[in-house]
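Here the structure is laid out as structure tokens; the discussion comes afterwards.
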Amino acid sequence: MDDMGIFRTSISIASHANPARRRELRDVMVDTGSEFNWVPRAVLEELGVAPEGTELFETADGRILEREIGFAILYAGGRKTGTTVVFAETGDKVLLGAIGLEGLNVRIDLTRKELVPAGPLPVASAA
């Protein structure tokens with residue numbers, strides 16, 4: 001956590017085509033208000049993650065941004081998941097968003113200042 005109470009962590013990213021080749025990103029802001037994970041375009045391109053489409057995003061100050069999205073493997077909190085990533089442009093923040101946290105099945109432990117397993121996932125009854 002920094003002085004403003006924002007939780008930060010380290011994550012790694014890999015492409016589905018070459019999961020053994022990972023890139024670590026440090027000081028990534030954990031933002032539960034952001035749905036997707038924002039990763040610098042240069043990192044995604046270096047790893048071979050291809051854009052699969054575009055989405056519109058609204059910033060906290062009301063601006064609308066259009067960014068490409070793709071699919072990658074996200075590693076954090078000792079876990080991994082396939083997830084949607086946003087090709088962040090210069091000036092964009094690097095974020096671990098809600099979809100990444102849910103896919104990893106982790107939660108933020110503010111006391112220990114780390115990502116921890118969230119526990120068993122809910123599922124429909126197998127009756």
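Starting from 1 in every chain, residues are counted up; chains themselves are A, B, ... following the order of the structure tokens, and ligands are numbered from 1 as listed.
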
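When the distance limit is 10 Å and only C-alpha atoms are what count, the residues near region 52-54 of chain A, minus those fewer than 2 positions from it on the same chain, are Val49, Ala50, Leu56, Phe57, Glu66, Arg67, Glu68, Ile69, Gly70, Phe71, Thr84, Val86 and Phe87 of chain A.
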
Pick out the residues sitting within 7 Å of Ala88 (chain A), and hand them over as a ChimeraX atom specification; count only C-alpha atoms, and ignore anything fewer than 6 positions along from it in its own chain.
/A:38-41

Keeping only C-alpha atoms, take the residues you just selected and write them out as a CSV table (one decimal), in the first residue's frame.
```csv
chain,number,residue,atom,x,y,z
A,38,TRP,CA,-4.2,-2.8,-18.2
A,39,VAL,CA,-0.7,-3.8,-19.4
A,40,PRO,CA,1.7,-1.6,-21.5
A,41,ARG,CA,1.3,-2.2,-25.2
```

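Relative to CA of Thr83 (chain A), CA of Ile6 (chain A) is found at 22.5 Å.
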
Check chain A with DSSP on the backbone and list each residue it calls strand (DSSP E), as a CSV table (one decimal) with all heavy atoms, in the first residue's frame.
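In the end it all went to part18.csv:
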```csv
chain,number,residue,atom,x,y,z
A,8,ARG,N,-0.7,-2.0,-4.2
A,8,ARG,CA,0.1,-2.3,-5.3
A,8,ARG,C,0.7,-3.7,-5.2
A,8,ARG,O,1.0,-4.1,-4.1
A,8,ARG,CB,1.2,-1.2,-5.5
A,8,ARG,CG,0.6,0.1,-5.8
A,8,ARG,CD,1.7,1.2,-6.0
A,8,ARG,NE,1.1,2.5,-6.2
A,8,ARG,CZ,0.7,3.0,-7.4
A,8,ARG,NH1,0.8,2.3,-8.5
A,8,ARG,NH2,0.2,4.2,-7.5
A,9,THR,N,1.0,-4.3,-6.3
A,9,THR,CA,1.6,-5.7,-6.3
A,9,THR,C,2.4,-5.9,-7.5
A,9,THR,O,2.4,-5.1,-8.4
A,9,THR,CB,0.4,-6.7,-6.2
A,9,THR,OG1,1.0,-8.0,-5.8
A,9,THR,CG2,-0.4,-6.8,-7.4
A,10,SER,N,3.0,-7.0,-7.6
A,10,SER,CA,3.7,-7.5,-8.8
A,10,SER,C,2.9,-8.5,-9.5
A,10,SER,O,2.3,-9.3,-8.8
A,10,SER,CB,5.1,-8.1,-8.4
A,10,SER,OG,6.0,-7.1,-7.9
A,11,ILE,N,2.9,-8.5,-10.8
A,11,ILE,CA,2.2,-9.5,-11.6
A,11,ILE,C,3.2,-9.9,-12.7
A,11,ILE,O,4.2,-9.3,-13.0
A,11,ILE,CB,0.9,-9.0,-12.3
A,11,ILE,CG1,1.2,-7.9,-13.3
A,11,ILE,CG2,0.0,-8.5,-11.2
A,11,ILE,CD1,0.0,-7.4,-14.1
A,12,SER,N,2.9,-11.1,-13.3
A,12,SER,CA,3.6,-11.5,-14.5
A,12,SER,C,2.6,-11.7,-15.6
A,12,SER,O,1.4,-12.1,-15.3
A,12,SER,CB,4.4,-12.7,-14.3
A,12,SER,OG,5.5,-12.5,-13.4
A,13,ILE,N,3.0,-11.5,-16.9
A,13,ILE,CA,2.1,-11.7,-18.0
A,13,ILE,C,2.8,-12.6,-19.0
A,13,ILE,O,4.0,-12.5,-19.2
A,13,ILE,CB,1.8,-10.4,-18.7
A,13,ILE,CG1,1.1,-9.4,-17.8
A,13,ILE,CG2,1.1,-10.5,-20.0
A,13,ILE,CD1,-0.4,-9.8,-17.5
A,14,ALA,N,2.1,-13.5,-19.7
A,14,ALA,CA,2.6,-14.3,-20.8
A,14,ALA,C,1.5,-14.5,-21.8
A,14,ALA,O,0.3,-14.3,-21.6
A,14,ALA,CB,3.0,-15.7,-20.2
A,22,ARG,N,7.6,-15.2,-19.7
A,22,ARG,CA,6.8,-14.3,-18.9
A,22,ARG,C,7.5,-13.0,-18.7
A,22,ARG,O,8.8,-12.9,-18.8
A,22,ARG,CB,6.6,-14.8,-17.5
A,22,ARG,CG,5.8,-16.0,-17.4
A,22,ARG,CD,5.6,-16.3,-15.9
A,22,ARG,NE,5.2,-17.7,-15.6
A,22,ARG,CZ,5.1,-18.2,-14.4
A,22,ARG,NH1,5.3,-17.4,-13.4
A,22,ARG,NH2,4.7,-19.4,-14.3
A,23,ARG,N,6.8,-11.9,-18.5
A,23,ARG,CA,7.3,-10.6,-18.2
A,23,ARG,C,6.7,-10.1,-16.9
A,23,ARG,O,5.5,-10.1,-16.7
A,23,ARG,CB,7.0,-9.7,-19.3
A,23,ARG,CG,7.4,-8.2,-19.1
A,23,ARG,CD,8.9,-8.0,-19.4
A,23,ARG,NE,9.3,-6.7,-19.1
A,23,ARG,CZ,9.2,-5.7,-19.9
A,23,ARG,NH1,8.7,-5.8,-21.1
A,23,ARG,NH2,9.5,-4.5,-19.5
A,24,GLU,N,7.6,-9.8,-15.9
A,24,GLU,CA,7.2,-9.3,-14.6
A,24,GLU,C,7.0,-7.8,-14.7
A,24,GLU,O,7.8,-7.1,-15.2
A,24,GLU,CB,8.2,-9.7,-13.5
A,24,GLU,CG,7.7,-9.3,-12.2
A,24,GLU,CD,8.6,-9.6,-11.0
A,24,GLU,OE1,9.8,-9.8,-11.3
A,24,GLU,OE2,8.2,-9.6,-9.9
A,25,LEU,N,5.9,-7.4,-14.0
A,25,LEU,CA,5.6,-6.0,-13.9
A,25,LEU,C,5.5,-5.7,-12.4
A,25,LEU,O,4.7,-6.4,-11.7
A,25,LEU,CB,4.3,-5.6,-14.6
A,25,LEU,CG,4.2,-5.9,-16.1
A,25,LEU,CD1,2.8,-5.7,-16.6
A,25,LEU,CD2,5.2,-5.0,-16.8
A,26,ARG,N,6.2,-4.7,-11.9
A,26,ARG,CA,6.2,-4.4,-10.5
A,26,ARG,C,5.4,-3.1,-10.3
A,26,ARG,O,5.2,-2.3,-11.2
A,26,ARG,CB,7.6,-4.2,-10.0
A,26,ARG,CG,8.4,-5.5,-10.1
A,26,ARG,CD,9.8,-5.4,-9.5
A,26,ARG,NE,10.5,-6.6,-9.6
A,26,ARG,CZ,11.7,-6.8,-9.2
A,26,ARG,NH1,12.3,-5.9,-8.7
A,26,ARG,NH2,12.2,-8.0,-9.4
A,27,ASP,N,5.0,-2.9,-9.1
A,27,ASP,CA,4.3,-1.7,-8.7
A,27,ASP,C,3.0,-1.5,-9.5
A,27,ASP,O,2.7,-0.4,-9.9
A,27,ASP,CB,5.2,-0.5,-8.8
A,27,ASP,CG,4.7,0.7,-8.0
A,27,ASP,OD1,4.2,0.5,-6.9
A,27,ASP,OD2,4.9,1.9,-8.5
A,28,VAL,N,2.3,-2.6,-9.7
A,28,VAL,CA,1.0,-2.5,-10.4
A,28,VAL,C,-0.1,-2.2,-9.5
A,28,VAL,O,-0.3,-2.8,-8.4
A,28,VAL,CB,0.7,-3.9,-11.1
A,28,VAL,CG1,-0.6,-3.9,-11.8
A,28,VAL,CG2,1.8,-4.2,-12.1
A,29,MET,N,-0.9,-1.2,-9.8
A,29,MET,CA,-2.0,-0.8,-9.0
A,29,MET,C,-3.2,-1.8,-9.1
A,29,MET,O,-3.6,-2.2,-10.2
A,29,MET,CB,-2.6,0.6,-9.4
A,29,MET,CG,-3.7,1.1,-8.5
A,29,MET,SD,-4.5,2.6,-9.1
A,29,MET,CE,-3.1,3.7,-9.4
A,30,VAL,N,-3.6,-2.3,-7.9
A,30,VAL,CA,-4.8,-3.1,-7.9
A,30,VAL,C,-6.0,-2.2,-7.8
A,30,VAL,O,-6.2,-1.5,-6.9
A,30,VAL,CB,-4.7,-4.1,-6.6
A,30,VAL,CG1,-6.0,-5.0,-6.6
A,30,VAL,CG2,-3.5,-4.9,-6.7
A,31,ASP,N,-6.9,-2.3,-8.8
A,31,ASP,CA,-8.0,-1.4,-9.0
A,31,ASP,C,-9.3,-2.2,-9.2
A,31,ASP,O,-9.6,-2.6,-10.3
A,31,ASP,CB,-7.7,-0.4,-10.1
A,31,ASP,CG,-8.8,0.6,-10.3
A,31,ASP,OD1,-9.8,0.7,-9.5
A,31,ASP,OD2,-8.7,1.4,-11.2
A,37,ASN,N,-7.6,-5.7,-17.0
A,37,ASN,CA,-6.2,-5.5,-16.6
A,37,ASN,C,-5.5,-4.7,-17.6
A,37,ASN,O,-5.6,-5.0,-18.8
A,37,ASN,CB,-5.6,-6.9,-16.4
A,37,ASN,CG,-6.4,-7.9,-15.6
A,37,ASN,OD1,-6.6,-7.7,-14.4
A,37,ASN,ND2,-7.1,-8.8,-16.3
A,38,TRP,N,-4.8,-3.7,-17.2
A,38,TRP,CA,-4.2,-2.8,-18.2
A,38,TRP,C,-2.7,-3.0,-18.2
A,38,TRP,O,-2.0,-2.9,-17.1
A,38,TRP,CB,-4.5,-1.3,-17.8
A,38,TRP,CG,-5.9,-0.9,-18.1
A,38,TRP,CD1,-7.0,-1.5,-17.5
A,38,TRP,CD2,-6.4,0.1,-18.9
A,38,TRP,NE1,-8.1,-0.9,-18.0
A,38,TRP,CE2,-7.8,0.1,-18.9
A,38,TRP,CE3,-5.7,1.0,-19.8
A,38,TRP,CZ2,-8.5,1.0,-19.6
A,38,TRP,CZ3,-6.5,1.9,-20.5
A,38,TRP,CH2,-7.9,1.9,-20.4
A,39,VAL,N,-2.1,-3.4,-19.3
A,39,VAL,CA,-0.7,-3.8,-19.4
A,39,VAL,C,-0.1,-2.9,-20.6
A,39,VAL,O,-0.7,-2.8,-21.6
A,39,VAL,CB,-0.6,-5.3,-19.8
A,39,VAL,CG1,0.9,-5.7,-19.9
A,39,VAL,CG2,-1.2,-6.1,-18.6
A,40,PRO,N,1.1,-2.4,-20.4
A,40,PRO,CA,1.7,-1.6,-21.5
A,40,PRO,C,1.7,-2.3,-22.8
A,40,PRO,O,2.1,-3.5,-22.9
A,40,PRO,CB,3.1,-1.3,-21.0
A,40,PRO,CG,3.0,-1.4,-19.5
A,40,PRO,CD,2.0,-2.5,-19.2
A,53,GLY,N,-9.6,-7.0,-30.6
A,53,GLY,CA,-10.8,-6.1,-30.7
A,53,GLY,C,-10.5,-4.8,-30.0
A,53,GLY,O,-9.4,-4.6,-29.5
A,54,THR,N,-11.5,-4.0,-29.9
A,54,THR,CA,-11.4,-2.7,-29.2
A,54,THR,C,-12.6,-2.6,-28.2
A,54,THR,O,-13.6,-3.2,-28.5
A,54,THR,CB,-11.3,-1.5,-30.1
A,54,THR,OG1,-12.5,-1.5,-30.9
A,54,THR,CG2,-10.1,-1.5,-31.0
A,55,GLU,N,-12.4,-1.8,-27.2
A,55,GLU,CA,-13.4,-1.5,-26.2
A,55,GLU,C,-13.3,0.0,-25.9
A,55,GLU,O,-12.3,0.6,-26.0
A,55,GLU,CB,-13.3,-2.3,-24.9
A,55,GLU,CG,-13.6,-3.8,-25.1
A,55,GLU,CD,-15.1,-4.1,-25.3
A,55,GLU,OE1,-15.9,-3.3,-24.9
A,55,GLU,OE2,-15.3,-5.2,-25.8
A,56,LEU,N,-14.5,0.5,-25.4
A,56,LEU,CA,-14.5,1.9,-24.9
A,56,LEU,C,-14.5,1.8,-23.4
A,56,LEU,O,-15.1,1.0,-22.8
A,56,LEU,CB,-15.8,2.6,-25.4
A,56,LEU,CG,-15.9,2.8,-26.9
A,56,LEU,CD1,-17.3,3.4,-27.2
A,56,LEU,CD2,-14.8,3.7,-27.4
A,57,PHE,N,-13.7,2.7,-22.8
A,57,PHE,CA,-13.6,2.8,-21.3
A,57,PHE,C,-13.8,4.2,-20.9
A,57,PHE,O,-13.5,5.2,-21.5
A,57,PHE,CB,-12.2,2.4,-20.9
A,57,PHE,CG,-11.8,1.0,-21.3
A,57,PHE,CD1,-11.2,0.8,-22.5
A,57,PHE,CD2,-12.1,-0.1,-20.5
A,57,PHE,CE1,-10.9,-0.5,-22.9
A,57,PHE,CE2,-11.8,-1.4,-20.9
A,57,PHE,CZ,-11.2,-1.6,-22.1
A,58,GLU,N,-14.5,4.4,-19.7
A,58,GLU,CA,-14.7,5.7,-19.1
A,58,GLU,C,-13.8,5.9,-17.9
A,58,GLU,O,-13.8,5.1,-17.0
A,58,GLU,CB,-16.2,5.9,-18.7
A,58,GLU,CG,-16.5,7.3,-18.2
A,58,GLU,CD,-17.9,7.5,-18.0
A,58,GLU,OE1,-18.8,6.6,-18.1
A,58,GLU,OE2,-18.3,8.7,-17.6
A,64,ILE,N,-13.7,9.4,-22.3
A,64,ILE,CA,-13.9,8.1,-22.9
A,64,ILE,C,-12.7,7.7,-23.7
A,64,ILE,O,-12.2,8.5,-24.5
A,64,ILE,CB,-15.1,8.1,-23.9
A,64,ILE,CG1,-16.4,8.5,-23.1
A,64,ILE,CG2,-15.3,6.8,-24.6
A,64,ILE,CD1,-16.8,7.6,-22.0
A,65,LEU,N,-12.1,6.6,-23.4
A,65,LEU,CA,-10.9,6.1,-24.1
A,65,LEU,C,-11.3,4.8,-25.0
A,65,LEU,O,-12.0,4.0,-24.5
A,65,LEU,CB,-9.8,5.7,-23.1
A,65,LEU,CG,-9.4,6.7,-22.1
A,65,LEU,CD1,-8.4,6.1,-21.1
A,65,LEU,CD2,-8.8,7.9,-22.8
A,66,GLU,N,-10.7,4.7,-26.1
A,66,GLU,CA,-10.8,3.5,-26.9
A,66,GLU,C,-9.5,2.8,-26.9
A,66,GLU,O,-8.4,3.4,-27.2
A,66,GLU,CB,-11.2,3.9,-28.4
A,66,GLU,CG,-11.4,2.6,-29.2
A,66,GLU,CD,-12.0,3.0,-30.6
A,66,GLU,OE1,-12.2,4.1,-30.9
A,66,GLU,OE2,-12.1,2.0,-31.4
A,67,ARG,N,-9.5,1.6,-26.5
A,67,ARG,CA,-8.2,0.8,-26.4
A,67,ARG,C,-8.4,-0.6,-27.0
A,67,ARG,O,-9.5,-1.2,-26.9
A,67,ARG,CB,-7.7,0.6,-25.0
A,67,ARG,CG,-7.4,1.9,-24.3
A,67,ARG,CD,-6.1,2.5,-24.9
A,67,ARG,NE,-5.7,3.7,-24.2
A,67,ARG,CZ,-6.0,4.9,-24.5
A,67,ARG,NH1,-6.8,5.2,-25.5
A,67,ARG,NH2,-5.5,6.0,-23.8
A,68,GLU,N,-7.3,-1.2,-27.6
A,68,GLU,CA,-7.4,-2.5,-28.0
A,68,GLU,C,-7.3,-3.5,-26.8
A,68,GLU,O,-6.7,-3.1,-25.8
A,68,GLU,CB,-6.2,-2.8,-29.0
A,68,GLU,CG,-6.4,-2.1,-30.3
A,68,GLU,CD,-5.2,-2.4,-31.3
A,68,GLU,OE1,-4.1,-2.3,-30.9
A,68,GLU,OE2,-5.5,-2.8,-32.4
A,69,ILE,N,-7.9,-4.6,-27.0
A,69,ILE,CA,-7.9,-5.7,-26.0
A,69,ILE,C,-7.4,-7.0,-26.6
A,69,ILE,O,-7.5,-7.2,-27.8
A,69,ILE,CB,-9.2,-5.9,-25.3
A,69,ILE,CG1,-10.3,-6.4,-26.3
A,69,ILE,CG2,-9.7,-4.7,-24.5
A,69,ILE,CD1,-11.5,-7.0,-25.7
A,70,GLY,N,-6.8,-7.8,-25.7
A,70,GLY,CA,-6.4,-9.2,-26.1
A,70,GLY,C,-6.5,-10.1,-25.0
A,70,GLY,O,-7.1,-9.8,-23.9
A,71,PHE,N,-5.9,-11.3,-25.1
A,71,PHE,CA,-6.0,-12.3,-24.1
A,71,PHE,C,-4.7,-12.8,-23.8
A,71,PHE,O,-3.8,-13.1,-24.6
A,71,PHE,CB,-6.9,-13.5,-24.6
A,71,PHE,CG,-8.3,-13.0,-25.1
A,71,PHE,CD1,-8.6,-12.8,-26.4
A,71,PHE,CD2,-9.2,-12.6,-24.1
A,71,PHE,CE1,-9.8,-12.3,-26.8
A,71,PHE,CE2,-10.5,-12.1,-24.5
A,71,PHE,CZ,-10.8,-12.0,-25.9
A,72,ALA,N,-4.4,-13.0,-22.5
A,72,ALA,CA,-3.1,-13.4,-22.0
A,72,ALA,C,-3.2,-14.2,-20.7
A,72,ALA,O,-4.3,-14.4,-20.2
A,72,ALA,CB,-2.2,-12.1,-21.7
A,73,ILE,N,-2.1,-14.7,-20.3
A,73,ILE,CA,-2.1,-15.4,-19.0
A,73,ILE,C,-1.5,-14.5,-17.9
A,73,ILE,O,-0.5,-13.9,-18.1
A,73,ILE,CB,-1.2,-16.7,-19.1
A,73,ILE,CG1,-1.7,-17.6,-20.2
A,73,ILE,CG2,-1.2,-17.4,-17.7
A,73,ILE,CD1,-0.8,-18.8,-20.5
A,74,LEU,N,-2.2,-14.4,-16.8
A,74,LEU,CA,-1.9,-13.5,-15.8
A,74,LEU,C,-1.4,-14.3,-14.6
A,74,LEU,O,-2.1,-15.3,-14.2
A,74,LEU,CB,-3.1,-12.6,-15.4
A,74,LEU,CG,-3.0,-11.8,-14.1
A,74,LEU,CD1,-2.0,-10.7,-14.2
A,74,LEU,CD2,-4.4,-11.2,-13.8
A,75,TYR,N,-0.3,-13.9,-13.9
A,75,TYR,CA,0.2,-14.6,-12.7
A,75,TYR,C,0.3,-13.6,-11.6
A,75,TYR,O,0.9,-12.5,-11.8
A,75,TYR,CB,1.6,-15.2,-13.0
A,75,TYR,CG,1.7,-16.1,-14.2
A,75,TYR,CD1,1.8,-15.7,-15.5
A,75,TYR,CD2,1.7,-17.5,-13.9
A,75,TYR,CE1,1.9,-16.5,-16.5
A,75,TYR,CE2,1.8,-18.4,-15.0
A,75,TYR,CZ,1.9,-17.9,-16.3
A,75,TYR,OH,2.0,-18.8,-17.3
A,76,ALA,N,-0.3,-13.9,-10.5
A,76,ALA,CA,-0.2,-13.0,-9.3
A,76,ALA,C,-0.6,-13.8,-8.1
A,76,ALA,O,-1.5,-14.7,-8.2
A,76,ALA,CB,-1.0,-11.8,-9.5
A,79,ARG,N,-0.8,-17.6,-8.1
A,79,ARG,CA,-1.9,-18.3,-8.9
A,79,ARG,C,-1.7,-17.8,-10.4
A,79,ARG,O,-1.0,-16.8,-10.7
A,79,ARG,CB,-3.2,-18.0,-8.4
A,79,ARG,CG,-3.3,-18.4,-6.9
A,79,ARG,CD,-4.7,-18.1,-6.3
A,79,ARG,NE,-5.7,-18.8,-7.0
A,79,ARG,CZ,-6.2,-20.0,-6.6
A,79,ARG,NH1,-5.7,-20.7,-5.6
A,79,ARG,NH2,-7.2,-20.5,-7.3
A,80,LYS,N,-2.5,-18.4,-11.3
A,80,LYS,CA,-2.5,-17.9,-12.7
A,80,LYS,C,-3.9,-18.1,-13.3
A,80,LYS,O,-4.7,-18.9,-12.8
A,80,LYS,CB,-1.5,-18.7,-13.5
A,80,LYS,CG,-1.9,-20.1,-13.8
A,80,LYS,CD,-0.9,-20.8,-14.7
A,80,LYS,CE,-1.2,-22.3,-14.8
A,80,LYS,NZ,-0.2,-23.0,-15.7
A,81,THR,N,-4.2,-17.3,-14.3
A,81,THR,CA,-5.5,-17.3,-15.0
A,81,THR,C,-5.3,-16.8,-16.4
A,81,THR,O,-4.5,-15.9,-16.7
A,81,THR,CB,-6.6,-16.6,-14.2
A,81,THR,OG1,-7.9,-16.8,-14.8
A,81,THR,CG2,-6.3,-15.1,-14.2
A,82,GLY,N,-6.2,-17.3,-17.3
A,82,GLY,CA,-6.3,-16.6,-18.6
A,82,GLY,C,-7.3,-15.5,-18.4
A,82,GLY,O,-8.3,-15.6,-17.7
A,83,THR,N,-6.9,-14.3,-19.0
A,83,THR,CA,-7.7,-13.1,-18.8
A,83,THR,C,-7.7,-12.2,-20.0
A,83,THR,O,-6.8,-12.3,-20.8
A,83,THR,CB,-7.3,-12.4,-17.5
A,83,THR,OG1,-8.3,-11.5,-17.1
A,83,THR,CG2,-5.9,-11.8,-17.6
A,84,THR,N,-8.6,-11.2,-19.9
A,84,THR,CA,-8.6,-10.1,-20.9
A,84,THR,C,-7.6,-9.0,-20.4
A,84,THR,O,-7.5,-8.7,-19.3
A,84,THR,CB,-10.0,-9.5,-21.0
A,84,THR,OG1,-10.9,-10.5,-21.3
A,84,THR,CG2,-10.0,-8.4,-22.1
A,85,VAL,N,-6.8,-8.5,-21.4
A,85,VAL,CA,-5.9,-7.4,-21.1
A,85,VAL,C,-6.1,-6.3,-22.1
A,85,VAL,O,-6.5,-6.5,-23.2
A,85,VAL,CB,-4.4,-7.9,-21.2
A,85,VAL,CG1,-4.0,-8.9,-20.1
A,85,VAL,CG2,-4.1,-8.5,-22.6
A,86,VAL,N,-5.9,-5.1,-21.5
A,86,VAL,CA,-6.0,-3.9,-22.3
A,86,VAL,C,-4.6,-3.5,-22.7
A,86,VAL,O,-3.7,-3.5,-21.9
A,86,VAL,CB,-6.7,-2.7,-21.5
A,86,VAL,CG1,-6.8,-1.5,-22.3
A,86,VAL,CG2,-8.1,-3.2,-21.1
A,87,PHE,N,-4.5,-3.1,-24.0
A,87,PHE,CA,-3.2,-2.6,-24.5
A,87,PHE,C,-3.1,-1.1,-24.1
A,87,PHE,O,-3.6,-0.2,-24.7
A,87,PHE,CB,-3.2,-2.7,-26.0
A,87,PHE,CG,-2.9,-4.1,-26.6
A,87,PHE,CD1,-3.9,-5.0,-26.5
A,87,PHE,CD2,-1.7,-4.4,-27.1
A,87,PHE,CE1,-3.7,-6.3,-26.9
A,87,PHE,CE2,-1.5,-5.7,-27.6
A,87,PHE,CZ,-2.5,-6.6,-27.5
A,88,ALA,N,-2.5,-0.9,-22.9
A,88,ALA,CA,-2.3,0.4,-22.3
A,88,ALA,C,-1.4,1.2,-23.1
A,88,ALA,O,-0.3,0.8,-23.5
A,88,ALA,CB,-1.9,0.3,-20.9
A,95,LEU,N,-2.7,-1.6,-14.5
A,95,LEU,CA,-3.7,-2.0,-13.5
A,95,LEU,C,-4.0,-3.5,-13.5
A,95,LEU,O,-4.0,-4.1,-14.5
A,95,LEU,CB,-5.1,-1.3,-13.8
A,95,LEU,CG,-5.1,0.2,-13.9
A,95,LEU,CD1,-6.5,0.6,-14.3
A,95,LEU,CD2,-4.8,0.8,-12.5
A,96,LEU,N,-4.2,-4.0,-12.3
A,96,LEU,CA,-4.8,-5.3,-12.1
A,96,LEU,C,-6.2,-5.1,-11.7
A,96,LEU,O,-6.5,-4.5,-10.6
A,96,LEU,CB,-4.1,-6.1,-11.0
A,96,LEU,CG,-4.6,-7.4,-10.5
A,96,LEU,CD1,-4.8,-8.4,-11.7
A,96,LEU,CD2,-3.8,-8.1,-9.4
A,97,GLY,N,-7.2,-5.5,-12.6
A,97,GLY,CA,-8.6,-5.2,-12.4
A,97,GLY,C,-9.4,-6.3,-11.8
A,97,GLY,O,-8.9,-7.4,-11.5
A,106,VAL,N,-8.4,-14.5,-5.9
A,106,VAL,CA,-7.7,-13.9,-4.8
A,106,VAL,C,-8.4,-12.7,-4.3
A,106,VAL,O,-9.3,-12.2,-5.0
A,106,VAL,CB,-6.2,-13.5,-5.2
A,106,VAL,CG1,-5.4,-14.7,-5.6
A,106,VAL,CG2,-6.2,-12.5,-6.3
A,107,ARG,N,-8.1,-12.3,-3.1
A,107,ARG,CA,-8.6,-11.1,-2.5
A,107,ARG,C,-7.4,-10.3,-1.9
A,107,ARG,O,-6.3,-10.9,-1.8
A,107,ARG,CB,-9.6,-11.4,-1.4
A,107,ARG,CG,-9.1,-12.2,-0.2
A,107,ARG,CD,-10.2,-12.4,0.8
A,107,ARG,NE,-9.6,-13.2,1.9
A,107,ARG,CZ,-8.9,-12.8,2.9
A,107,ARG,NH1,-8.6,-11.5,3.0
A,107,ARG,NH2,-8.4,-13.6,3.9
A,108,ILE,N,-7.7,-9.1,-1.6
A,108,ILE,CA,-6.6,-8.2,-1.0
A,108,ILE,C,-6.7,-8.4,0.5
A,108,ILE,O,-7.7,-8.1,1.2
A,108,ILE,CB,-6.9,-6.8,-1.4
A,108,ILE,CG1,-6.9,-6.6,-2.9
A,108,ILE,CG2,-5.8,-5.9,-0.8
A,108,ILE,CD1,-7.4,-5.3,-3.4
A,109,ASP,N,-5.6,-8.8,1.1
A,109,ASP,CA,-5.4,-8.8,2.6
A,109,ASP,C,-4.7,-7.5,3.0
A,109,ASP,O,-3.5,-7.4,2.8
A,109,ASP,CB,-4.7,-10.1,3.0
A,109,ASP,CG,-4.5,-10.2,4.5
A,109,ASP,OD1,-4.5,-9.1,5.2
A,109,ASP,OD2,-4.5,-11.3,5.0
A,114,GLU,N,-1.0,-8.1,0.9
A,114,GLU,CA,-0.7,-9.0,-0.2
A,114,GLU,C,-2.0,-9.6,-0.7
A,114,GLU,O,-3.1,-9.5,-0.1
A,114,GLU,CB,0.2,-10.1,0.3
A,114,GLU,CG,-0.4,-11.0,1.4
A,114,GLU,CD,0.7,-12.0,1.9
A,114,GLU,OE1,1.9,-11.9,1.6
A,114,GLU,OE2,0.2,-12.9,2.6
A,115,LEU,N,-1.9,-10.3,-1.9
A,115,LEU,CA,-3.0,-11.0,-2.4
A,115,LEU,C,-3.0,-12.4,-1.8
A,115,LEU,O,-1.9,-13.0,-1.7
A,115,LEU,CB,-2.9,-11.1,-4.0
A,115,LEU,CG,-2.8,-9.8,-4.7
A,115,LEU,CD1,-2.6,-10.1,-6.2
A,115,LEU,CD2,-4.1,-9.0,-4.6
A,116,VAL,N,-4.2,-12.8,-1.4
A,116,VAL,CA,-4.3,-14.2,-0.8
A,116,VAL,C,-5.4,-14.9,-1.4
A,116,VAL,O,-6.4,-14.3,-2.0
A,116,VAL,CB,-4.5,-14.0,0.8
A,116,VAL,CG1,-3.3,-13.4,1.4
A,116,VAL,CG2,-5.8,-13.3,1.1
A,117,PRO,N,-5.4,-16.3,-1.4
A,117,PRO,CA,-6.5,-17.0,-1.9
A,117,PRO,C,-7.9,-16.6,-1.3
A,117,PRO,O,-8.0,-16.4,-0.1
A,117,PRO,CB,-6.2,-18.5,-1.6
A,117,PRO,CG,-4.7,-18.5,-1.4
A,117,PRO,CD,-4.4,-17.1,-0.8
```

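Using only C-alpha atoms, the protein and nucleic acid residues lying no more than 8 Å from Glu35 (chain A), apart from those fewer than 3 places from it along its own chain, are Thr32, Gly97, Ala98 and Ile99 of chain A.
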
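Here CA of Leu47 (chain A) is placed at a distance of 9.0 Å from CA of Ala17 (chain A).
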